[in-house]
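Colleague: Next up, protein_3.txt (compact mmCIF, C-alpha atoms).
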```
# COMPACT_ATOMS: atom_id res chain seq x y z
CA MET K 21 -91.98 21.48 -6.46
CA ALA K 22 -89.41 21.92 -9.18
CA LEU K 23 -86.38 19.79 -9.88
CA VAL K 24 -83.38 21.98 -9.01
CA VAL K 25 -79.97 21.38 -10.55
CA THR K 26 -77.10 23.35 -9.11
CA HIS K 27 -73.57 23.73 -10.43
CA ASP K 28 -72.45 20.81 -8.28
CA PHE K 29 -70.70 18.22 -10.45
CA SER K 30 -72.62 15.27 -9.07
CA ASP K 31 -75.86 17.17 -9.54
CA LEU K 32 -75.12 17.81 -13.20
CA ALA K 33 -73.90 14.25 -13.73
CA GLY K 34 -77.09 12.71 -12.41
CA ALA K 35 -79.51 15.31 -13.75
CA PRO K 36 -80.61 13.37 -16.87
CA ASP K 37 -81.61 10.35 -14.79
CA ALA K 38 -83.33 12.62 -12.26
CA ILE K 39 -85.31 14.29 -15.04
CA ARG K 40 -86.35 11.00 -16.58
CA SER K 41 -87.50 9.54 -13.27
CA SER K 42 -88.91 12.69 -11.72
CA GLY K 43 -92.60 13.33 -11.47
CA GLU K 44 -91.91 17.06 -11.68
CA ARG K 45 -92.57 19.23 -14.69
CA GLU K 46 -90.29 22.14 -13.91
CA LEU K 47 -86.51 22.28 -14.02
CA ILE K 48 -84.46 25.04 -12.45
CA ILE K 49 -80.79 25.38 -13.28
CA ASP K 50 -79.69 27.35 -10.27
CA TRP K 51 -76.24 28.83 -10.68
CA SER K 52 -77.02 31.92 -8.64
CA GLN K 53 -74.28 31.13 -6.12
CA GLN K 54 -71.71 30.31 -8.74
CA THR K 55 -68.52 32.36 -8.99
CA TYR K 56 -67.08 30.64 -12.07
CA ILE K 57 -68.41 28.75 -15.10
CA ARG K 58 -66.47 26.41 -17.35
CA SER K 59 -67.12 25.18 -20.87
CA MET K 60 -67.88 21.74 -19.50
CA ASP K 61 -70.57 23.21 -17.24
CA LEU K 62 -72.19 24.95 -20.19
CA VAL K 63 -72.35 21.89 -22.45
CA ARG K 64 -73.66 19.71 -19.65
CA ALA K 65 -76.32 22.17 -18.60
CA ARG K 66 -77.38 22.76 -22.20
CA CYS K 67 -77.92 19.04 -22.73
CA VAL K 68 -79.84 18.76 -19.48
CA ILE K 69 -82.10 21.65 -20.47
CA GLU K 70 -82.75 20.20 -23.91
CA LEU K 71 -83.64 16.83 -22.44
CA ALA K 72 -86.00 18.45 -19.95
CA GLU K 73 -87.71 20.55 -22.60
CA THR K 74 -88.06 17.52 -24.86
CA LEU K 75 -89.86 15.77 -22.01
CA GLY K 76 -92.21 18.71 -21.53
CA PHE K 77 -90.53 20.44 -18.60
CA CYS K 78 -90.64 24.19 -18.13
CA THR K 79 -87.11 25.38 -17.56
CA GLU K 80 -85.72 28.30 -15.64
CA ILE K 81 -82.12 29.43 -15.48
CA ARG K 82 -80.90 31.43 -12.51
CA GLU K 83 -77.84 33.36 -13.54
CA PRO K 84 -74.85 33.78 -11.27
CA SER K 85 -75.12 36.76 -8.96
CA ASN K 86 -71.36 37.09 -9.11
CA THR K 87 -70.72 39.88 -11.63
CA HIS K 88 -67.79 38.22 -13.35
CA ALA K 89 -69.50 34.84 -13.67
CA ALA K 90 -72.72 36.46 -14.87
CA SER K 91 -70.85 38.41 -17.50
CA TYR K 92 -69.09 35.28 -18.70
CA PHE K 93 -72.37 33.39 -18.64
CA ARG K 94 -74.07 35.93 -20.91
CA THR K 95 -71.13 36.46 -23.19
CA MET K 96 -70.84 32.80 -23.95
CA GLY K 97 -74.19 33.00 -25.65
CA SER K 98 -75.33 29.75 -24.32
CA LEU K 99 -78.07 29.09 -21.88
CA VAL K 100 -79.73 32.45 -21.76
CA ARG K 101 -82.56 33.16 -24.17
CA GLU K 102 -81.05 36.39 -25.47
CA PRO K 103 -77.31 36.02 -25.16
CA ASN K 104 -75.09 39.04 -25.11
CA LEU K 105 -72.77 37.77 -27.82
CA ASN K 106 -69.67 39.80 -28.41
CA PRO K 107 -67.25 39.58 -31.32
CA SER K 108 -64.52 38.02 -29.22
CA ASP K 109 -62.34 35.50 -30.99
CA SER K 110 -61.50 33.76 -27.78
CA TYR K 111 -64.27 31.21 -27.73
CA ILE K 112 -66.45 28.88 -29.77
CA PRO K 113 -70.10 29.36 -28.87
CA LEU K 114 -72.26 26.39 -28.00
CA ILE K 115 -72.64 24.21 -31.07
CA ARG K 116 -75.20 21.45 -31.26
CA ILE K 117 -73.65 18.24 -32.53
CA GLN K 118 -76.21 16.45 -34.63
CA SER K 119 -74.35 14.86 -37.52
CA ASP K 120 -70.92 13.51 -38.36
CA ARG K 121 -70.09 16.64 -40.39
CA SER K 122 -67.68 19.03 -38.69
CA GLU K 123 -66.78 21.65 -41.28
CA HIS K 124 -68.37 24.41 -39.20
CA ILE K 125 -66.34 23.40 -36.17
CA TYR K 126 -63.21 23.64 -38.31
CA GLU K 127 -64.07 27.19 -39.31
CA HIS K 128 -64.63 28.14 -35.67
CA CYS K 129 -61.31 26.58 -34.70
CA ARG K 130 -59.49 28.52 -37.40
CA ARG K 131 -61.04 31.75 -36.15
CA VAL K 132 -60.10 31.15 -32.54
CA PHE K 133 -56.69 29.67 -33.24
CA ASN K 134 -55.75 32.35 -35.73
CA ALA K 135 -56.55 34.89 -33.04
CA VAL K 136 -53.98 33.26 -30.80
CA GLN K 137 -51.57 32.68 -33.71
CA ALA K 138 -51.44 28.92 -33.55
CA ASP K 139 -49.80 27.17 -36.48
CA THR K 140 -51.88 25.59 -39.25
CA SER K 141 -50.73 22.06 -38.62
CA HIS K 142 -51.79 22.33 -35.01
CA ILE K 143 -55.28 23.48 -36.04
CA ASN K 144 -55.64 20.72 -38.59
CA ARG K 145 -54.60 17.99 -36.22
CA LEU K 146 -56.85 19.34 -33.51
CA CYS K 147 -59.82 19.39 -35.85
CA ASP K 148 -59.05 15.84 -36.95
CA ALA K 149 -59.36 14.82 -33.31
CA LEU K 150 -62.45 16.91 -32.61
CA THR K 151 -64.28 15.55 -35.61
CA GLU K 152 -63.65 12.02 -34.39
CA LEU K 153 -65.15 12.95 -31.04
CA THR K 154 -68.24 14.56 -32.57
CA ASP K 155 -68.57 11.56 -34.88
CA ASN K 156 -68.58 9.33 -31.80
CA ILE K 157 -71.39 11.34 -30.24
CA TYR K 158 -73.46 11.19 -33.40
CA TYR K 159 -72.86 7.50 -33.98
CA HIS K 160 -72.91 6.11 -30.45
CA ALA K 161 -74.88 8.38 -28.14
CA GLY K 162 -78.38 8.06 -29.55
CA GLU K 163 -81.04 5.47 -29.01
CA GLN K 164 -79.98 4.06 -32.37
CA PRO K 165 -76.65 4.44 -34.20
CA ASN K 166 -76.34 7.74 -36.10
CA SER K 167 -78.93 9.53 -34.00
CA GLY K 168 -76.90 10.93 -31.12
CA TRP K 169 -76.69 14.59 -30.22
CA GLY K 170 -74.75 16.73 -27.84
CA TYR K 171 -73.03 20.09 -27.45
CA LEU K 172 -69.57 21.51 -27.92
CA HIS K 173 -68.10 24.67 -26.44
CA ALA K 174 -64.57 26.00 -26.24
CA GLN K 175 -62.78 28.80 -24.49
CA ALA K 176 -59.28 30.03 -25.23
CA TYR K 177 -57.08 31.37 -22.48
CA PRO K 178 -54.39 33.27 -24.41
CA LYS K 179 -52.69 34.45 -21.24
CA TYR K 180 -52.15 30.85 -20.15
CA ARG K 181 -51.55 29.64 -23.73
CA HIS K 182 -54.22 27.01 -23.77
CA ILE K 183 -57.74 26.39 -25.02
CA LYS K 184 -60.29 24.08 -23.44
CA PHE K 185 -62.85 22.22 -25.50
CA ALA K 186 -65.82 20.57 -23.85
CA MET K 187 -68.30 18.14 -25.32
CA ASN K 188 -71.23 16.45 -23.74
CA ASP K 189 -73.98 14.02 -24.58
CA ILE K 190 -76.54 12.31 -22.41
CA GLY K 191 -76.68 9.13 -24.42
CA VAL K 192 -75.93 5.52 -23.63
CA GLY K 193 -72.26 5.97 -22.74
CA PHE K 194 -69.38 3.67 -23.69
CA TYR K 195 -70.74 0.69 -21.81
CA GLY K 196 -74.25 1.12 -23.18
CA SER K 197 -72.97 1.30 -26.73
CA PHE K 198 -71.03 -1.96 -26.40
CA GLU K 199 -73.86 -3.58 -24.48
CA ARG K 200 -76.55 -2.92 -27.07
CA ALA K 201 -74.26 -4.17 -29.81
CA GLY K 202 -73.62 -7.39 -27.89
CA GLN K 203 -69.90 -6.61 -27.77
CA LEU K 204 -69.27 -6.62 -24.02
CA ASN K 205 -67.73 -10.09 -24.06
CA GLY K 206 -67.73 -10.23 -20.28
CA ARG K 207 -65.71 -7.04 -19.88
CA SER K 208 -66.30 -4.49 -17.13
CA GLU K 209 -67.06 -0.85 -17.86
CA GLU K 210 -63.50 0.04 -16.93
CA GLU K 211 -62.12 -2.52 -19.37
CA ILE K 212 -64.45 -1.33 -22.13
CA VAL K 213 -63.44 2.29 -21.73
CA ARG K 214 -59.74 1.47 -21.61
CA ALA K 215 -59.94 -0.71 -24.72
CA SER K 216 -61.73 2.06 -26.63
CA PHE K 217 -58.48 4.02 -26.77
CA ASP K 218 -56.82 1.20 -28.71
CA ASP K 219 -56.77 1.18 -32.49
CA LEU K 220 -59.77 -0.42 -34.22
CA VAL K 221 -61.71 -1.28 -31.06
CA SER K 222 -65.35 -0.40 -31.65
CA SER K 223 -68.70 -1.47 -30.30
CA THR K 224 -69.80 -1.94 -33.90
CA GLY K 225 -67.48 -4.84 -34.54
CA ASP K 226 -66.80 -3.15 -37.90
CA PRO K 227 -63.14 -3.77 -38.80
CA VAL K 228 -62.61 -0.22 -40.10
CA ARG K 229 -64.20 1.60 -37.18
CA GLY K 230 -62.59 2.42 -33.85
CA LEU K 231 -60.31 5.12 -35.25
CA GLY K 232 -61.66 8.03 -33.20
CA LEU K 233 -60.12 7.80 -29.76
CA PRO K 234 -56.78 6.56 -31.12
CA THR K 235 -56.70 9.72 -33.26
CA VAL K 236 -57.36 11.80 -30.14
CA ARG K 237 -54.60 9.90 -28.36
CA GLU K 238 -52.17 10.60 -31.21
CA PHE K 239 -53.03 14.27 -31.07
CA ILE K 240 -52.51 14.42 -27.33
CA GLU K 241 -49.19 12.63 -27.57
CA GLN K 242 -47.95 14.95 -30.31
CA TYR K 243 -49.23 18.23 -28.91
CA ARG K 244 -49.15 17.46 -25.20
CA GLY K 245 -52.83 17.94 -24.58
CA VAL K 246 -54.87 16.57 -21.69
CA LEU K 247 -58.18 14.77 -22.00
CA SER K 248 -60.53 14.38 -19.04
CA LEU K 249 -63.57 12.21 -19.62
CA TRP K 250 -66.46 11.07 -17.48
CA THR K 251 -68.82 8.31 -18.59
CA GLY K 252 -71.08 6.12 -16.48
CA SER K 253 -69.11 5.26 -13.37
CA ILE K 254 -65.70 5.84 -14.97
CA TYR K 255 -63.28 8.77 -15.02
CA VAL K 256 -60.51 8.95 -17.59
CA THR K 257 -57.46 11.16 -17.85
CA LEU K 258 -55.16 10.95 -20.82
CA ASN K 259 -51.99 12.93 -21.33
CA SER K 260 -48.91 12.43 -23.44
CA ALA K 261 -47.44 10.05 -20.91
CA ARG K 262 -50.29 7.87 -19.71
CA LEU K 263 -53.90 6.78 -19.79
CA ASP K 264 -55.66 6.43 -16.45
CA VAL K 265 -59.09 4.80 -16.26
CA VAL K 266 -60.50 4.75 -12.74
CA PRO K 267 -63.86 4.51 -10.98
CA LEU K 268 -65.70 7.80 -10.63
CA THR K 269 -65.80 9.02 -7.05
CA THR K 270 -68.24 11.90 -7.32
CA GLY K 271 -71.30 10.02 -6.11
CA ARG K 272 -73.71 9.88 -9.01
CA ALA K 273 -72.81 8.18 -12.26
CA MET K 274 -72.39 10.34 -15.35
CA ALA K 275 -75.36 9.78 -17.62
CA GLY K 276 -73.85 9.85 -21.11
CA THR K 277 -70.35 11.21 -21.60
CA LEU K 278 -68.72 14.49 -20.68
CA LEU K 279 -65.23 15.37 -21.82
CA GLU K 280 -62.82 18.23 -21.67
CA LEU K 281 -59.83 18.49 -24.00
CA LYS K 282 -57.18 20.96 -22.91
CA VAL K 283 -54.95 21.97 -25.77
CA ASN K 284 -51.72 23.85 -25.26
CA LEU K 285 -51.04 26.66 -27.70
CA MET H 192 -58.80 9.12 -66.29
CA LEU H 193 -61.30 10.46 -63.77
CA ILE H 194 -59.94 13.26 -61.57
CA ILE H 195 -62.03 14.09 -58.51
CA GLN H 196 -61.30 17.51 -57.07
CA LEU H 197 -62.15 17.16 -53.42
CA GLU H 198 -61.73 20.86 -52.71
CA LYS H 199 -65.29 21.23 -53.99
CA GLU H 200 -66.42 19.23 -50.95
CA GLY H 201 -64.79 21.61 -48.49
CA ARG H 202 -61.37 22.48 -47.16
CA PHE H 203 -61.87 20.26 -44.14
CA LEU H 204 -63.38 16.88 -44.92
CA SER H 205 -65.10 14.91 -42.21
CA GLY H 206 -67.86 12.45 -41.63
CA ARG H 207 -68.27 8.89 -42.77
CA SER H 208 -71.60 9.83 -44.34
CA HIS H 209 -69.92 12.53 -46.42
CA ALA H 210 -67.20 10.14 -47.54
CA ALA H 211 -69.77 7.53 -48.52
CA GLU H 212 -71.68 10.15 -50.56
CA ILE H 213 -68.54 11.14 -52.44
CA ALA H 214 -67.70 7.52 -53.19
CA ALA H 215 -71.24 6.85 -54.40
CA SER H 216 -71.04 9.87 -56.66
CA ILE H 217 -67.76 8.66 -58.17
CA LEU H 218 -69.08 5.18 -58.75
CA SER H 219 -72.28 6.43 -60.34
CA ARG H 220 -70.35 8.70 -62.71
CA LYS H 221 -68.06 5.94 -63.88
CA PRO H 222 -69.49 2.52 -63.10
CA GLY H 223 -66.86 -0.14 -63.37
CA ILE H 224 -63.99 2.34 -63.19
CA ARG H 225 -60.62 0.76 -62.56
CA ALA H 226 -58.45 1.97 -59.69
CA GLU H 227 -55.59 3.04 -61.95
CA HIS H 228 -57.97 5.36 -63.81
CA LEU H 229 -59.06 7.24 -60.69
CA VAL H 230 -57.27 10.27 -59.21
CA LEU H 231 -58.36 11.82 -55.92
CA ASP H 232 -57.07 15.39 -55.97
CA PHE H 233 -56.78 16.95 -52.50
CA THR H 234 -55.43 20.29 -53.72
CA GLY H 235 -57.06 23.00 -51.61
CA VAL H 236 -58.07 20.58 -48.85
CA ASP H 237 -56.47 21.58 -45.55
CA SER H 238 -57.14 18.34 -43.74
CA PHE H 239 -59.41 15.35 -43.43
CA ALA H 240 -60.23 12.99 -40.62
CA GLN H 241 -58.88 9.47 -40.50
CA SER H 242 -62.42 8.11 -40.47
CA PHE H 243 -63.22 10.14 -43.58
CA ALA H 244 -60.30 8.55 -45.43
CA SER H 245 -61.30 5.17 -44.09
CA GLU H 246 -64.88 5.41 -45.28
CA LEU H 247 -63.99 6.92 -48.65
CA LEU H 248 -61.63 4.07 -49.51
CA ARG H 249 -63.84 1.43 -47.97
CA SER H 250 -66.86 2.59 -49.99
CA LEU H 251 -64.80 2.70 -53.18
CA SER H 252 -63.33 -0.72 -52.48
CA ARG H 253 -66.79 -2.28 -52.58
CA GLN H 254 -66.71 -1.87 -56.35
CA ILE H 255 -63.08 -1.21 -57.13
CA SER H 256 -60.54 -3.92 -56.65
CA ASN H 257 -56.85 -3.11 -56.28
CA ILE H 258 -57.62 -0.02 -54.18
CA GLN H 259 -53.88 0.60 -53.79
CA ALA H 260 -53.70 1.70 -57.42
CA ILE H 261 -55.84 4.80 -56.81
CA GLN H 262 -53.70 7.89 -57.23
CA PHE H 263 -53.68 10.82 -54.82
CA ARG H 264 -52.69 14.34 -55.77
CA GLY H 265 -52.23 17.61 -53.96
CA ILE H 266 -51.24 16.15 -50.59
CA THR H 267 -48.46 18.21 -49.05
CA ASP H 268 -49.01 17.23 -45.43
CA PRO H 269 -47.13 14.02 -44.60
CA VAL H 270 -49.67 13.18 -41.89
CA LEU H 271 -52.45 13.09 -44.47
CA ALA H 272 -50.34 11.07 -46.91
CA GLU H 273 -49.72 8.54 -44.16
CA ARG H 274 -53.43 8.40 -43.37
CA LEU H 275 -54.29 7.48 -46.93
CA ARG H 276 -51.48 4.96 -47.14
CA ARG H 277 -52.61 3.38 -43.88
CA GLU H 278 -56.21 3.10 -45.06
CA GLN H 279 -55.21 1.69 -48.43
CA ALA H 280 -53.21 -0.98 -46.62
CA ARG H 281 -56.09 -1.67 -44.28
CA MET H 282 -58.55 -2.14 -47.14
CA GLU H 283 -56.11 -4.46 -48.83
CA SER H 284 -55.79 -6.53 -45.66
CA LEU H 285 -59.57 -6.84 -45.38
CA LYS H 286 -59.99 -8.30 -48.83
CA PRO H 287 -61.10 -11.91 -48.73
CA ALA H 288 -58.28 -14.31 -49.33
CA SER H 289 -58.02 -15.17 -52.99
CA THR H 290 -58.63 -18.67 -54.20
CA PRO H 291 -55.40 -20.63 -53.86
CA ALA H 292 -53.70 -21.51 -57.09
CA PRO H 293 -53.94 -25.14 -58.05
CA ALA H 294 -51.04 -27.19 -56.85
CA SER H 295 -48.44 -27.65 -59.52
CA VAL H 296 -48.03 -31.07 -60.96
CA PRO H 297 -44.66 -32.54 -60.07
CA ALA H 298 -42.52 -33.11 -63.05
```
Show the structure stored in the file as structure tokens.

Modeller:
Amino acid sequence: MALVVTHDFSDLAGAPDAIRSSGERELIIDWSQQTYIRSMDLVRARCVIELAETLGFCTEIREPSNTHAASYFRTMGSLVREPNLNPSDSYIPLIRIQSDRSEHIYEHCRRVFNAVQADTSHINRLCDALTELTDNIYYHAGEQPNSGWGYLHAQAYPKYRHIKFAMNDIGVGFYGSFERAGQLNGRSEEEIVRASFDDLVSSTGDPVRGLGLPTVREFIEQYRGVLSLWTGSIYVTLNSARLDVVPLTTGRAMAGTLLELKVNL
Amino acid sequence: MLIIQLEKEGRFLSGRSHAAEIAASILSRKPGIRAEHLVLDFTGVDSFAQSFASELLRSLSRQISNIQAIQFRGITDPVLAERLRREQARMESLKPASTPAPASVPA
């Protein structure tokens, strides 16, 4: 029997824990019935596959039978072994986040944003925010600080004048990061996540850290973006008007952190 | 005067580790350098992350007192200028309180 992960959100959220606790040695990502695929699906699935392979699983990916979804799936150059990459400037292919250096992400953003004629300041501010997010993954998501990894993917939708960035890790999550650093101070997961959007709040206790999510918040307020974030048993939405931090209602907790940043062009 | 041209490090500067490396390089080139003799030239740099600025100034401040006297050049983006100003102020606020001056003797 293989462990089968479908496109279902709860399935993908709980997949890392299922892999770690499963006695199986084969993982099937079954998206054969899927009619659409988003960036956030790709980054999540890629992390799940990498975890499984690290733990010695054989992995199999069943592509969507839907022609449009299958085409998108291959073009994104992501999960398939031999991706059908095209020269489109409308997306950033899957990038493995494995350090706090983001120069390559900046170059990708310039390519995609120049294609949709976004202004330079917009690109720079966006990359400032993205680099804080990738820095968070690298610093917080690993077993130890500065050992985290994850994936980034982005897709531009010029017709709708927006681009969606997705990032995912399967690390310890917000709560886990504060917990291991002994910085919970009796706070709930919801309180921890909410506080993380305030300036200089960090699980490290370092007085100059905790700049990342406030930078993202500034960007969203200035450019009217929308952040959706899932971590542990919490779901966050942040737009230019408000921050909502609520319990996740999708069944299984989100192992690690998944986020989507929608940026208007 | 030591002028550090940061364009050589890339047109987008990110990463606390990168910032710490740059600071270490500066301090090894000129040990004991005073803040007023150091110029960070950002000409050719499109942008840098707040955490990059934070770590650069924090790492320098471990050996350079009066971090507010470091000069910045080539910054045309007001957002970036504000970032540096904010981090300079933050480093200043984190400095341990100086020893209080002895109380004056009443005349």

Colleague: For chain H, list the residues within 9 Å of chain K, counting all atoms listed in the file, and write the list as a PyMOL selection string.

Modeller: chain H and resi 201-209+237-242+245-246+249+268+270+278+281-282+285

Colleague: What's the 7 Å shell around Ile195 of chain H, counting all atoms listed in the file, without same-chain residues fewer than 6 positions away, as a list of chain:residue names?

Modeller: H:Val230, H:Leu231, H:Asp232

Colleague: Please dump the current selection as a compact mmCIF listing (two decimals), in the coordinates of the input; keep C-alpha atoms.

Modeller:
```txt
# COMPACT_ATOMS: atom_id res chain seq x y z
CA VAL H 230 -57.27 10.27 -59.21
CA LEU H 231 -58.36 11.82 -55.92
CA ASP H 232 -57.07 15.39 -55.97
```

Colleague: Env of segment 239-254 of chain K: 7 Å cut, atoms = only C-alpha atoms, seq-sep filter 3 positions within chain, self excluded. Answer as a count of residues only.

Modeller: 28

Colleague: Counting only C-alpha atoms, which of H:Asn257, H:Ser216, H:Gln196, H:Ser250 gets nearest to Ser284 of chain H?

Modeller: H:Asn257

Colleague: With 6 Å of padding per side, what axis-aligned box (centre and edge lengths, Å, one decimal) covers all the listed atoms of segment 208-211 of chain H? Give it as JSON.

Modeller:
```
{"center_x": -69.4, "center_y": 10.0, "center_z": -46.4, "size_x": 16.4, "size_y": 17.0, "size_z": 16.2}
```

Colleague: By how many Å are atom CA of Arg94 of chain K and atom CA of Met21 of chain K apart?

Modeller: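 Those two atoms sit 27.2 Å apart.
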
Colleague: Quote the spacing between atom CA of Gln259 of chain H and atom CA of Ala280 of chain H in Å to one decimal place.

Modeller: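 Interatomic distance here is 7.4 Å.
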
Colleague: Can you work out the spacing between atom CA of Ala90 of chain K and atom CA of Ile49 of chain K in Å, to one decimal?

Modeller: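 According to the coordinates, atom CA of Ala90 of chain K and atom CA of Ile49 of chain K are separated by 13.8 Å.
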
Colleague: Fewer than 2 positions away in the same chain doesn't count, so skip those; otherwise give me all residues within 10 Å of Tyr177 of chain K, counting only C-alpha atoms, as a list in words.

Modeller: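 Non-adjacent residues within range: Ser110, Tyr111, Val136, Ala174, Gln175, Lys179, Tyr180, Arg181, His182, Ile183, Lys184, Asn284 and Leu285 of chain K.
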
Colleague: Just give me the residues with any atom within 10 Å of (-51.2, 7.8, -61.7), file coordinates, counting all atoms listed in the file, written as a PDB file with C-alpha atoms, in the frame of the given file.

Modeller:
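Full text of out_17.pdb as output:
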```pdb
ATOM      1  CA  MET H 192     -58.800   9.120 -66.290  1.00  0.00           C
ATOM      2  CA  ALA H 226     -58.450   1.970 -59.690  1.00  0.00           C
ATOM      3  CA  GLU H 227     -55.590   3.040 -61.950  1.00  0.00           C
ATOM      4  CA  HIS H 228     -57.970   5.360 -63.810  1.00  0.00           C
ATOM      5  CA  LEU H 229     -59.060   7.240 -60.690  1.00  0.00           C
ATOM      6  CA  VAL H 230     -57.270  10.270 -59.210  1.00  0.00           C
ATOM      7  CA  ALA H 260     -53.700   1.700 -57.420  1.00  0.00           C
ATOM      8  CA  ILE H 261     -55.840   4.800 -56.810  1.00  0.00           C
ATOM      9  CA  GLN H 262     -53.700   7.890 -57.230  1.00  0.00           C
ATOM     10  CA  PHE H 263     -53.680  10.820 -54.820  1.00  0.00           C
ATOM     11  CA  ARG H 264     -52.690  14.340 -55.770  1.00  0.00           C
TER      12      ARG H 264
END
```

Colleague: What would the file be for segment 125-176 of chain K if you keep C-alpha atoms and write it as a PDB file, in the first residue's frame?

Modeller:
```pdb
ATOM      1  CA  ILE K 125      14.849  35.768  -6.620  1.00  0.00           C
ATOM      2  CA  TYR K 126      15.334  39.470  -7.309  1.00  0.00           C
ATOM      3  CA  GLU K 127      16.514  38.732 -10.841  1.00  0.00           C
ATOM      4  CA  HIS K 128      13.499  36.496 -11.445  1.00  0.00           C
ATOM      5  CA  CYS K 129      11.179  39.195 -10.127  1.00  0.00           C
ATOM      6  CA  ARG K 130      12.709  41.788 -12.433  1.00  0.00           C
ATOM      7  CA  ARG K 131      12.203  39.477 -15.399  1.00  0.00           C
ATOM      8  CA  VAL K 132       8.572  38.770 -14.602  1.00  0.00           C
ATOM      9  CA  PHE K 133       7.698  42.280 -13.506  1.00  0.00           C
ATOM     10  CA  ASN K 134       9.417  43.911 -16.443  1.00  0.00           C
ATOM     11  CA  ALA K 135       7.307  41.699 -18.682  1.00  0.00           C
ATOM     12  CA  VAL K 136       4.201  43.172 -17.123  1.00  0.00           C
ATOM     13  CA  GLN K 137       5.719  46.673 -17.004  1.00  0.00           C
ATOM     14  CA  ALA K 138       5.626  47.167 -13.272  1.00  0.00           C
ATOM     15  CA  ASP K 139       7.553  50.133 -11.907  1.00  0.00           C
ATOM     16  CA  THR K 140      11.001  49.711 -10.366  1.00  0.00           C
ATOM     17  CA  SER K 141      10.026  50.866  -6.922  1.00  0.00           C
ATOM     18  CA  HIS K 142       7.272  48.282  -6.807  1.00  0.00           C
ATOM     19  CA  ILE K 143       9.733  45.513  -7.714  1.00  0.00           C
ATOM     20  CA  ASN K 144      12.255  46.650  -5.139  1.00  0.00           C
ATOM     21  CA  ARG K 145       9.744  46.845  -2.332  1.00  0.00           C
ATOM     22  CA  LEU K 146       8.308  43.480  -3.253  1.00  0.00           C
ATOM     23  CA  CYS K 147      11.737  41.877  -3.209  1.00  0.00           C
ATOM     24  CA  ASP K 148      12.476  43.471   0.147  1.00  0.00           C
ATOM     25  CA  ALA K 149       9.389  41.698   1.477  1.00  0.00           C
ATOM     26  CA  LEU K 150      10.104  38.398  -0.256  1.00  0.00           C
ATOM     27  CA  THR K 151      13.643  38.270   1.029  1.00  0.00           C
ATOM     28  CA  GLU K 152      12.376  38.703   4.574  1.00  0.00           C
ATOM     29  CA  LEU K 153      10.045  35.765   4.050  1.00  0.00           C
ATOM     30  CA  THR K 154      12.760  33.514   2.616  1.00  0.00           C
ATOM     31  CA  ASP K 155      15.048  34.606   5.446  1.00  0.00           C
ATOM     32  CA  ASN K 156      12.366  33.491   7.896  1.00  0.00           C
ATOM     33  CA  ILE K 157      12.189  30.063   6.291  1.00  0.00           C
ATOM     34  CA  TYR K 158      15.945  29.649   6.382  1.00  0.00           C
ATOM     35  CA  TYR K 159      16.302  30.881   9.944  1.00  0.00           C
ATOM     36  CA  HIS K 160      13.216  29.428  11.597  1.00  0.00           C
ATOM     37  CA  ALA K 161      11.986  26.378   9.709  1.00  0.00           C
ATOM     38  CA  GLY K 162      14.830  23.940  10.242  1.00  0.00           C
ATOM     39  CA  GLU K 163      15.623  21.641  13.104  1.00  0.00           C
ATOM     40  CA  GLN K 164      18.180  24.250  14.140  1.00  0.00           C
ATOM     41  CA  PRO K 165      18.299  27.981  13.313  1.00  0.00           C
ATOM     42  CA  ASN K 166      19.753  28.703   9.859  1.00  0.00           C
ATOM     43  CA  SER K 167      19.006  25.263   8.480  1.00  0.00           C
ATOM     44  CA  GLY K 168      15.476  25.613   7.130  1.00  0.00           C
ATOM     45  CA  TRP K 169      14.470  24.966   3.554  1.00  0.00           C
ATOM     46  CA  GLY K 170      11.419  25.378   1.436  1.00  0.00           C
ATOM     47  CA  TYR K 171      10.192  26.329  -2.032  1.00  0.00           C
ATOM     48  CA  LEU K 172       9.011  29.446  -3.791  1.00  0.00           C
ATOM     49  CA  HIS K 173       6.934  29.716  -6.949  1.00  0.00           C
ATOM     50  CA  ALA K 174       5.128  32.600  -8.582  1.00  0.00           C
ATOM     51  CA  GLN K 175       2.672  33.073 -11.389  1.00  0.00           C
ATOM     52  CA  ALA K 176       1.721  36.370 -12.993  1.00  0.00           C
TER      53      ALA K 176
END
```
